[in-house]
$ cat structure-v1.cif   # mmCIF, C-alpha atoms
data_protein
loop_
_atom_site.label_atom_id
_atom_site.label_comp_id
_atom_site.auth_asym_id
_atom_site.auth_seq_id
_atom_site.Cartn_x
_atom_site.Cartn_y
_atom_site.Cartn_z
CA MET X 441 81.32 -4.14 43.04
CA HIS X 442 79.91 -4.17 46.52
CA ARG X 443 77.91 -7.35 47.27
CA LYS X 444 74.77 -5.33 48.20
CA ASN X 445 74.95 -3.44 44.93
CA ILE X 446 75.27 -6.70 43.03
CA PHE X 447 72.15 -8.13 44.69
CA LEU X 448 70.30 -4.89 44.09
CA PHE X 449 71.21 -4.92 40.43
CA LEU X 450 70.19 -8.56 39.99
CA GLY X 451 66.90 -7.90 41.73
CA ILE X 452 66.05 -4.99 39.48
CA PHE X 453 67.03 -6.98 36.40
CA LEU X 454 64.89 -9.98 37.33
CA ALA X 455 61.93 -7.73 38.16
CA VAL X 456 62.14 -6.09 34.76
CA VAL X 457 62.37 -9.48 32.99
CA PHE X 458 59.39 -10.98 34.80
CA LEU X 459 57.38 -7.77 34.34
CA PHE X 460 57.77 -7.61 30.58
CA PHE X 461 58.18 -11.27 29.66
CA PRO X 462 54.43 -12.04 29.62
CA LEU X 463 53.88 -9.15 27.26
CA PHE X 464 56.48 -10.46 24.88
CA GLU X 465 55.03 -13.93 25.18
CA ASP X 466 51.49 -12.69 24.45
CA GLU X 467 52.69 -10.73 21.48
CA GLU X 468 54.36 -13.79 20.04
CA LYS X 469 51.29 -15.96 20.57
CA GLU X 470 48.72 -13.49 19.25
CA PRO X 471 46.78 -15.32 16.50
CA ILE X 472 46.80 -14.03 12.97
CA LYS X 473 43.40 -12.58 12.10
CA GLU X 474 41.96 -13.95 8.88
CA GLU X 475 39.69 -11.77 6.78
CA VAL X 476 36.21 -13.28 6.64
CA PRO X 477 34.51 -12.50 3.33
CA VAL X 478 31.29 -10.52 3.68
CA GLU X 479 28.36 -12.57 2.44
CA GLU X 480 26.49 -10.78 -0.32
CA GLU X 481 22.88 -9.96 0.53
CA THR X 482 19.87 -11.16 -1.38
CA TYR X 483 16.79 -9.03 -2.05
CA THR X 484 13.23 -9.90 -2.98
CA LEU X 485 11.28 -8.03 -5.65
CA LEU X 486 7.56 -8.73 -5.55
CA PHE X 487 5.18 -7.95 -8.43
CA THR X 488 1.37 -7.85 -8.23
CA GLY X 489 -1.26 -7.44 -10.93
CA ASP X 490 -4.27 -5.14 -11.29
CA ILE X 491 -5.33 -3.02 -8.31
CA MET X 492 -8.72 -1.32 -8.55
CA LEU X 493 -9.97 0.54 -5.45
CA ASP X 494 -13.32 1.82 -6.75
CA ARG X 495 -16.75 0.30 -7.45
CA GLY X 496 -17.25 -3.01 -5.61
CA VAL X 497 -13.98 -2.74 -3.69
CA LYS X 498 -14.99 0.69 -2.42
CA HIS X 499 -18.40 -0.71 -1.40
CA MET X 500 -16.76 -3.47 0.65
CA VAL X 501 -14.45 -0.99 2.36
CA GLU X 502 -17.38 1.22 3.32
CA LYS X 503 -19.58 -1.69 4.46
CA HIS X 504 -17.09 -3.98 6.20
CA GLY X 505 -13.84 -2.10 6.75
CA GLU X 506 -12.61 0.89 8.69
CA ASP X 507 -10.44 2.31 5.93
CA TYR X 508 -8.60 1.35 2.72
CA THR X 509 -6.22 -0.94 4.53
CA PHE X 510 -9.14 -3.40 4.41
CA PRO X 511 -8.44 -4.92 0.95
CA PHE X 512 -4.86 -5.77 1.97
CA LEU X 513 -5.37 -7.12 5.50
CA ASN X 514 -5.10 -10.82 4.63
CA ILE X 515 -1.91 -10.50 2.59
CA ALA X 516 -0.09 -7.55 4.17
CA ASP X 517 2.52 -9.71 5.93
CA THR X 518 3.67 -11.21 2.64
CA LEU X 519 3.72 -7.85 0.87
CA GLN X 520 5.62 -6.09 3.65
CA GLU X 521 8.36 -8.75 3.67
CA ALA X 522 9.48 -7.77 0.16
CA ASP X 523 12.39 -5.40 -0.34
CA LEU X 524 10.57 -3.85 -3.31
CA LEU X 525 6.85 -4.07 -4.10
CA PHE X 526 5.21 -3.22 -7.44
CA GLY X 527 1.59 -3.16 -8.65
CA ASN X 528 -0.49 -1.91 -11.57
CA LEU X 529 -2.81 0.87 -10.39
CA GLU X 530 -5.98 0.32 -12.38
CA SER X 531 -7.91 3.21 -10.78
CA MET X 532 -6.61 6.74 -10.51
CA ILE X 533 -6.67 8.17 -6.97
CA SER X 534 -8.46 11.51 -7.18
CA ASP X 535 -11.59 13.54 -6.48
CA ARG X 536 -11.10 15.71 -9.56
CA GLY X 537 -11.77 15.50 -13.28
CA ARG X 538 -14.72 14.57 -15.44
CA LYS X 539 -15.69 11.12 -16.61
CA THR X 540 -14.45 10.54 -20.14
CA GLY X 541 -14.34 6.75 -20.27
CA SER X 542 -16.92 4.04 -20.70
CA ILE X 543 -19.33 2.70 -18.08
CA TYR X 544 -16.30 0.81 -16.79
CA SER X 545 -14.56 3.94 -15.52
CA PHE X 546 -12.64 3.90 -12.24
CA ARG X 547 -11.57 6.66 -9.85
CA ALA X 548 -10.71 5.87 -6.24
CA GLU X 549 -11.07 8.38 -3.43
CA PRO X 550 -7.91 10.22 -2.30
CA GLN X 551 -7.92 8.33 1.03
CA ALA X 552 -7.47 5.08 -0.92
CA ILE X 553 -3.77 5.91 -1.03
CA GLU X 554 -3.54 4.76 2.60
CA GLY X 555 -4.17 1.21 1.47
CA LEU X 556 -1.14 1.29 -0.83
CA VAL X 557 0.98 2.83 1.93
CA PHE X 558 -0.14 0.20 4.45
CA ALA X 559 0.58 -2.64 2.02
CA GLY X 560 4.09 -1.28 1.42
CA PHE X 561 3.98 -0.49 -2.28
CA ASP X 562 7.14 1.18 -3.52
CA ILE X 563 6.05 1.79 -7.11
CA VAL X 564 2.96 1.46 -9.31
CA SER X 565 2.36 1.59 -13.05
CA LEU X 566 0.02 4.24 -14.44
CA ALA X 567 0.23 2.98 -18.02
CA ASN X 568 -3.12 1.27 -18.43
CA ASN X 569 -6.43 1.78 -20.23
CA HIS X 570 -8.06 3.40 -17.16
CA ALA X 571 -5.45 6.12 -16.64
CA PHE X 572 -7.60 8.77 -18.33
CA ASP X 573 -11.08 7.63 -17.23
CA TYR X 574 -11.45 11.00 -15.49
CA ASP X 575 -9.19 12.96 -17.78
CA ARG X 576 -5.84 14.61 -17.26
CA GLU X 577 -6.84 16.41 -14.07
CA ALA X 578 -7.40 13.15 -12.17
CA PHE X 579 -4.25 11.66 -13.71
CA GLU X 580 -2.13 14.57 -12.48
CA GLN X 581 -3.66 14.54 -9.00
CA THR X 582 -2.85 10.83 -8.75
CA MET X 583 0.82 11.55 -9.44
CA ASP X 584 0.81 14.34 -6.85
CA ILE X 585 -0.74 12.08 -4.21
CA LEU X 586 1.73 9.29 -4.96
CA LYS X 587 4.66 11.68 -4.69
CA GLU X 588 3.37 13.03 -1.38
CA LYS X 589 3.30 9.49 0.02
CA GLU X 590 6.71 8.67 -1.51
CA ILE X 591 5.37 5.97 -3.81
CA ALA X 592 7.08 6.06 -7.19
CA TYR X 593 5.24 5.60 -10.48
CA THR X 594 6.15 4.50 -13.97
CA GLY X 595 4.43 4.60 -17.35
CA GLY X 596 3.56 8.29 -17.22
CA GLY X 597 4.65 11.70 -16.05
CA PHE X 598 4.13 15.44 -16.08
CA ASN X 599 6.29 15.71 -19.20
CA LYS X 600 7.93 13.53 -21.81
CA LYS X 601 11.31 13.36 -20.12
CA GLU X 602 9.83 12.10 -16.86
CA ALA X 603 7.51 9.56 -18.49
CA HIS X 604 10.17 8.05 -20.74
CA SER X 605 12.92 7.93 -18.11
CA PRO X 606 13.20 4.99 -15.74
CA SER X 607 11.78 5.37 -12.25
CA THR X 608 14.62 4.10 -10.10
CA ILE X 609 14.54 2.58 -6.62
CA SER X 610 17.77 1.79 -4.78
CA LEU X 611 18.11 -1.34 -2.65
CA LYS X 612 20.13 -1.27 0.58
CA ASP X 613 23.34 -2.32 -1.14
CA GLY X 614 22.98 0.47 -3.70
CA THR X 615 21.60 -1.70 -6.49
CA LYS X 616 19.48 0.51 -8.76
CA VAL X 617 16.27 -1.14 -9.93
CA GLY X 618 14.70 0.76 -12.83
CA PHE X 619 11.12 0.63 -14.16
CA LEU X 620 9.61 1.51 -17.52
CA GLY X 621 5.88 1.11 -18.21
CA TYR X 622 3.76 0.98 -21.38
CA THR X 623 0.21 0.29 -22.51
CA GLU X 624 -1.03 -0.60 -25.98
CA PHE X 625 -4.59 0.66 -25.43
CA LEU X 626 -4.67 4.44 -25.00
CA TYR X 627 -5.13 7.06 -27.70
CA PRO X 628 -2.85 10.01 -28.68
CA TYR X 629 -4.77 12.48 -26.50
CA ALA X 630 -3.48 10.62 -23.44
CA PHE X 631 0.12 10.41 -24.65
CA VAL X 632 2.68 12.54 -22.88
CA LYS X 633 4.19 15.51 -24.75
CA GLU X 634 7.26 17.65 -24.12
CA ASN X 635 5.39 19.84 -21.65
CA ARG X 636 2.07 18.03 -21.22
CA SER X 637 1.31 15.23 -18.79
CA GLY X 638 0.27 11.79 -19.98
CA VAL X 639 1.18 8.14 -20.30
CA THR X 640 4.20 6.95 -22.26
CA ASP X 641 3.93 7.33 -26.04
CA PHE X 642 4.25 3.68 -26.89
CA SER X 643 5.98 2.30 -29.96
CA LYS X 644 8.74 -0.24 -30.50
CA GLU X 645 11.08 2.58 -31.47
CA ASN X 646 10.37 4.54 -28.28
CA MET X 647 10.65 1.40 -26.17
CA LYS X 648 14.02 0.49 -27.71
CA ARG X 649 15.37 4.00 -27.10
CA ASP X 650 14.03 4.11 -23.53
CA ILE X 651 15.46 0.72 -22.58
CA GLU X 652 18.89 1.38 -24.06
CA ARG X 653 19.12 4.69 -22.20
CA ALA X 654 17.80 3.21 -18.96
CA LYS X 655 20.40 0.43 -19.00
CA LYS X 656 23.12 3.05 -18.57
CA ASP X 657 21.65 4.29 -15.29
CA THR X 658 20.30 1.11 -13.70
CA ASP X 659 21.61 -2.25 -12.52
CA PHE X 660 18.38 -4.20 -13.04
CA LEU X 661 15.65 -3.08 -15.43
CA VAL X 662 11.95 -4.00 -15.18
CA VAL X 663 9.68 -3.34 -18.15
CA THR X 664 5.92 -3.56 -17.55
CA PHE X 665 3.21 -3.88 -20.18
CA HIS X 666 -0.55 -3.42 -20.04
CA TYR X 667 -1.44 -5.62 -22.97
CA GLY X 668 -3.18 -8.74 -24.24
CA ASP X 669 -6.75 -9.97 -24.56
CA GLU X 670 -9.08 -9.93 -21.58
CA TYR X 671 -9.95 -13.30 -20.00
CA GLN X 672 -7.59 -15.24 -22.27
CA LYS X 673 -5.31 -17.72 -20.52
CA GLU X 674 -2.57 -17.62 -23.16
CA PRO X 675 -0.62 -14.61 -24.46
CA ASN X 676 -1.27 -13.52 -28.01
CA GLU X 677 1.44 -13.09 -30.62
CA LYS X 678 1.72 -9.35 -30.03
CA GLN X 679 2.37 -9.89 -26.32
CA LYS X 680 5.08 -12.40 -27.13
CA SER X 681 6.71 -10.14 -29.70
CA LEU X 682 6.72 -7.02 -27.50
CA SER X 683 8.00 -8.88 -24.45
CA ARG X 684 10.79 -10.65 -26.25
CA LYS X 685 11.81 -7.43 -27.99
CA ALA X 686 12.04 -5.73 -24.58
CA ILE X 687 14.38 -8.49 -23.39
CA ASP X 688 16.43 -8.22 -26.60
CA TYR X 689 16.78 -4.47 -26.04
CA GLY X 690 18.07 -4.99 -22.49
CA ALA X 691 15.20 -5.55 -20.03
CA ASP X 692 16.00 -7.96 -17.19
CA VAL X 693 12.38 -8.97 -16.56
CA VAL X 694 9.00 -8.24 -18.19
CA ILE X 695 5.82 -7.97 -16.11
CA GLY X 696 2.41 -8.03 -17.80
CA HIS X 697 -1.11 -7.13 -16.71
CA HIS X 698 -4.59 -6.43 -18.16
CA PRO X 699 -6.17 -9.80 -19.08
CA HIS X 700 -7.68 -10.13 -15.54
CA VAL X 701 -6.66 -13.79 -15.52
CA THR X 702 -3.23 -15.34 -15.21
CA GLN X 703 -1.04 -16.30 -18.15
CA PRO X 704 2.22 -18.30 -18.22
CA VAL X 705 5.68 -17.28 -17.11
CA GLU X 706 8.26 -17.78 -19.84
CA ASN X 707 12.04 -18.08 -19.65
CA TYR X 708 13.34 -16.31 -22.74
CA ASN X 709 17.12 -16.25 -23.23
CA GLY X 710 17.63 -16.60 -19.48
CA LYS X 711 15.22 -13.75 -18.62
CA TYR X 712 11.69 -14.09 -17.30
CA ILE X 713 8.45 -12.83 -18.84
CA ALA X 714 5.26 -12.95 -16.74
CA TYR X 715 2.57 -12.33 -19.36
CA SER X 716 -0.26 -11.68 -16.88
CA LEU X 717 -0.41 -11.82 -13.09
CA GLY X 718 -4.20 -11.54 -13.03
CA ASN X 719 -6.36 -9.43 -10.71
CA PHE X 720 -4.84 -8.54 -7.37
CA VAL X 721 -7.54 -6.37 -5.78
CA PHE X 722 -10.58 -6.31 -8.07
CA ASP X 723 -14.33 -6.94 -7.95
CA GLN X 724 -14.78 -9.35 -10.85
CA TYR X 725 -16.68 -12.01 -8.89
CA PHE X 726 -18.23 -13.70 -11.92
CA SER X 727 -15.57 -16.39 -12.37
CA GLU X 728 -13.00 -18.34 -10.40
CA GLU X 729 -10.25 -17.30 -12.83
CA THR X 730 -10.81 -13.58 -12.17
CA MET X 731 -10.79 -14.19 -8.40
CA ARG X 732 -7.38 -15.87 -8.38
CA GLY X 733 -3.90 -14.81 -9.40
CA PHE X 734 -0.23 -14.99 -8.50
CA MET X 735 2.47 -12.59 -7.48
CA LEU X 736 5.89 -13.02 -9.08
CA GLU X 737 8.76 -13.00 -6.61
CA LEU X 738 12.31 -12.51 -7.82
CA GLU X 739 15.28 -13.06 -5.54
CA LEU X 740 18.25 -10.91 -6.55
CA LYS X 741 21.91 -11.26 -5.66
CA ASN X 742 24.48 -8.97 -7.23
CA SER X 743 21.77 -7.72 -9.61
CA GLU X 744 21.22 -11.26 -10.90
CA VAL X 745 18.06 -13.35 -10.52
CA ILE X 746 18.88 -16.45 -8.47
CA ARG X 747 15.35 -17.67 -7.71
CA VAL X 748 11.85 -17.11 -9.09
CA LYS X 749 8.59 -18.00 -7.37
CA LYS X 750 4.88 -17.73 -7.98
CA ILE X 751 2.95 -16.82 -4.84
CA HIS X 752 -0.62 -17.89 -5.54
CA TYR X 753 -3.57 -16.15 -3.88
CA ALA X 754 -7.35 -16.19 -3.96
CA LEU X 755 -9.78 -13.33 -3.45
CA ASN X 756 -12.60 -13.80 -0.96
CA GLU X 757 -16.13 -12.37 -1.15
CA PHE X 758 -14.80 -9.04 0.16
CA TYR X 759 -12.20 -8.87 -2.66
CA GLN X 760 -9.32 -9.45 -0.26
CA PRO X 761 -6.44 -11.57 -1.61
CA LYS X 762 -4.96 -14.29 0.61
CA VAL X 763 -1.95 -16.51 -0.12
CA VAL X 764 -2.93 -20.09 -0.94
CA GLY X 765 0.33 -21.57 -2.21
CA ARG X 766 3.87 -21.06 -3.48
CA GLU X 767 5.58 -22.52 -6.51
CA GLU X 768 9.17 -22.28 -7.71
CA VAL X 769 9.62 -21.33 -11.35
CA LYS X 770 12.42 -23.02 -13.27
#

$ encode --input "structure-v1.cif" --output "structure tokens"
Amino acid sequence: MHRKNIFLFLGIFLAVVFLFFPLFEDEEKEPIKEEVPVEEETYTLLFTGDIMLDRGVKHMVEKHGEDYTFPFLNIADTLQEADLLFGNLESMISDRGRKTGSIYSFRAEPQAIEGLVFAGFDIVSLANNHAFDYDREAFEQTMDILKEKEIAYTGGGFNKKEAHSPSTISLKDGTKVGFLGYTEFLYPYAFVKENRSGVTDFSKENMKRDIERAKKDTDFLVVTFHYGDEYQKEPNEKQKSLSRKAIDYGADVVIGHHPHVTQPVENYNGKYIAYSLGNFVFDQYFSEETMRGFMLELELKNSEVIRVKKIHYALNEFYQPKVVGREEVK
């Protein structure tokens, strides 16, 4: 081969080697990527007690506030941090109906809904002894207003199927949290029928059936009760029996309200029962016990409770709750 051709060939060969060699070298040295496990998220469920936006609370809003965000101003940050917020709505939100209850009858103005929206409530219970203070018309308007503002409700419905089915809220990871609500105080006229609105028709048999059905469609089931004796600091035997039965049937937590004062939190077979959270927004200024309460905070991971806290609060002279302490529940 001619000497020039030899040099030309060698030159081309060396150029090709040096051009591609770094690529081969990089490919050989490329590190193996290890799969990093995705850390499972935790979610907070926050439960409050009785919310009453009429009477003295209404007076304070009109005298000192601009609107119905006023009762929640001092605690809104804590409420809005929760992934799911629940409360017992002790006053229907309506301007309709006729008064059928006692002198202690509550009906909040339609604009009161803005307070619940501002606070961040995701769901409220309607199963309480004040649900029919202004008859079925006010009860139905309350459900319409809640739906319009995308706040779910439990413990009642426009028909039996709705009232006795779980209201379900999905967390960001798809976890389905279901709610069922009951009260021991109302009379048959207020009970829901096949095609008539009302609160849940409460009995142990109905509760057992509801819970067992709800467990098939939910990942975490909350059962709420409006029960017990007013102003008593300990649960009565009926409260204990109903709550423990609910756990036995499949509830993951039981939340109680009505006594207007707090009652203990019990760990029953690894599940928690909060017998009474006390007043949350209420105008019962006549005692320290009715002007204090706690919210129950559950931390969930993979649909399991990994931490439980009491968030204590006190109501001021304007009936505004403010956090005063936190306590871990064992």

$ resolve_selection --input "structure-v1.cif" --expression "the PyMOL selection byres ((chain X and resi 710) around 10)" --output "PyMOL selection string"
chain X and resi 687+692-693+706-709+711-713+745

$ residues_near_point --input "structure-v1.cif" --point "(0.2, -14.0, -3.8)" --cutoff "8 Å" --atoms "all atoms listed in the file" --output "number ranges by chain"
X: 488, 515, 518, 733-736, 750-754, 761-766

$ closest_residue --input "structure-v1.cif" --among "X:Ser605, X:Thr582, X:Thr623, X:Asn568" --to "Ala552 in chain X" --atoms "only C-alpha atoms"
X:Thr582

$ residues_around --input "structure-v1.cif" --residues "Arg747 in chain X" --least-positions-apart "4" --cutoff "8 Å" --atoms "all atoms listed in the file" --output "ChimeraX atom specification"
/X:738-740,768-769

$ atom_distance --input "structure-v1.cif" --atom1 "CA of Tyr574 in chain X" --atom2 "CA of Val639 in chain X"
13.8 Å

$ atom_distance --input "structure-v1.cif" --atom1 "CA of Val497 in chain X" --atom2 "CA of Gly595 in chain X"
24.1 Å

$ residues_around --input "structure-v1.cif" --residues "Phe665 in chain X" --least-positions-apart "4" --cutoff "9 Å" --atoms "only C-alpha atoms" --output "number ranges by chain"
X: 567-568, 620-624, 679, 682-683, 694-698, 715

$ resolve_selection --input "structure-v1.cif" --expression "the PyMOL selection byres ((chain X and resi 632) around 10)" --output "list in words"
Gly595, Gly596, Gly597, Phe598, Asn599, Lys600, Lys601, Glu602, Ala603, His604, Pro628, Tyr629, Ala630, Phe631, Lys633, Glu634, Asn635, Arg636, Ser637, Gly638, Val639, Thr640, Asp641 and Phe642 of chain X

$ axis_aligned_box --input "structure-v1.cif" --around "range 710-724 of chain X" --padding-each-side "6 Å" --output "AutoDock Vina command-line options"
--center_x 1.4 --center_y -11.5 --center_z -12.6 --size_x 44.4 --size_y 22.3 --size_z 25.7

$ resolve_selection --input "structure-v1.cif" --expression "the PyMOL selection byres ((chain X and resi 742) around 10)" --output "list in words"
Glu480, Glu481, Thr482, Tyr483, Asp613, Thr615, Asp659, Phe660, Leu740, Lys741, Ser743, Glu744, Val745 and Ile746 of chain X

$ atom_distance --input "structure-v1.cif" --atom1 "CA of Arg653 in chain X" --atom2 "CA of Leu717 in chain X"
27.1 Å

$ residues_around --input "structure-v1.cif" --residues "range 584-588 of chain X" --least-positions-apart "2" --cutoff "9 Å" --atoms "only C-alpha atoms" --output "VMD selection string"
chain X and resid 533 to 534 550 553 563 579 to 582 590 to 593

$ residues_near_point --input "structure-v1.cif" --point "(16.4, -2.5, -28.1)" --cutoff "12 Å" --atoms "all atoms listed in the file" --output "list in words"
Ser643, Lys644, Glu645, Asn646, Met647, Lys648, Arg649, Asp650, Ile651, Glu652, Arg653, Ala654, Lys655, Leu682, Ser683, Arg684, Lys685, Ala686, Ile687, Asp688, Tyr689, Gly690 and Ala691 of chain X

$ closest_residue --input "structure-v1.cif" --among "X:Val564, X:Ile543, X:Ala578, X:Leu556" --to "Ala516 in chain X" --atoms "only C-alpha atoms"
X:Leu556

$ closest_residue --input "structure-v1.cif" --among "X:Asp517, X:Glu506, X:Asp657, X:Asp723" --to "Glu530 in chain X" --atoms "only C-alpha atoms"
X:Asp723

$ closest_residue --input "structure-v1.cif" --among "X:Leu626, X:Lys589, X:His570, X:Leu661" --to "Ser607 in chain X" --atoms "all atoms listed in the file"
X:Leu661
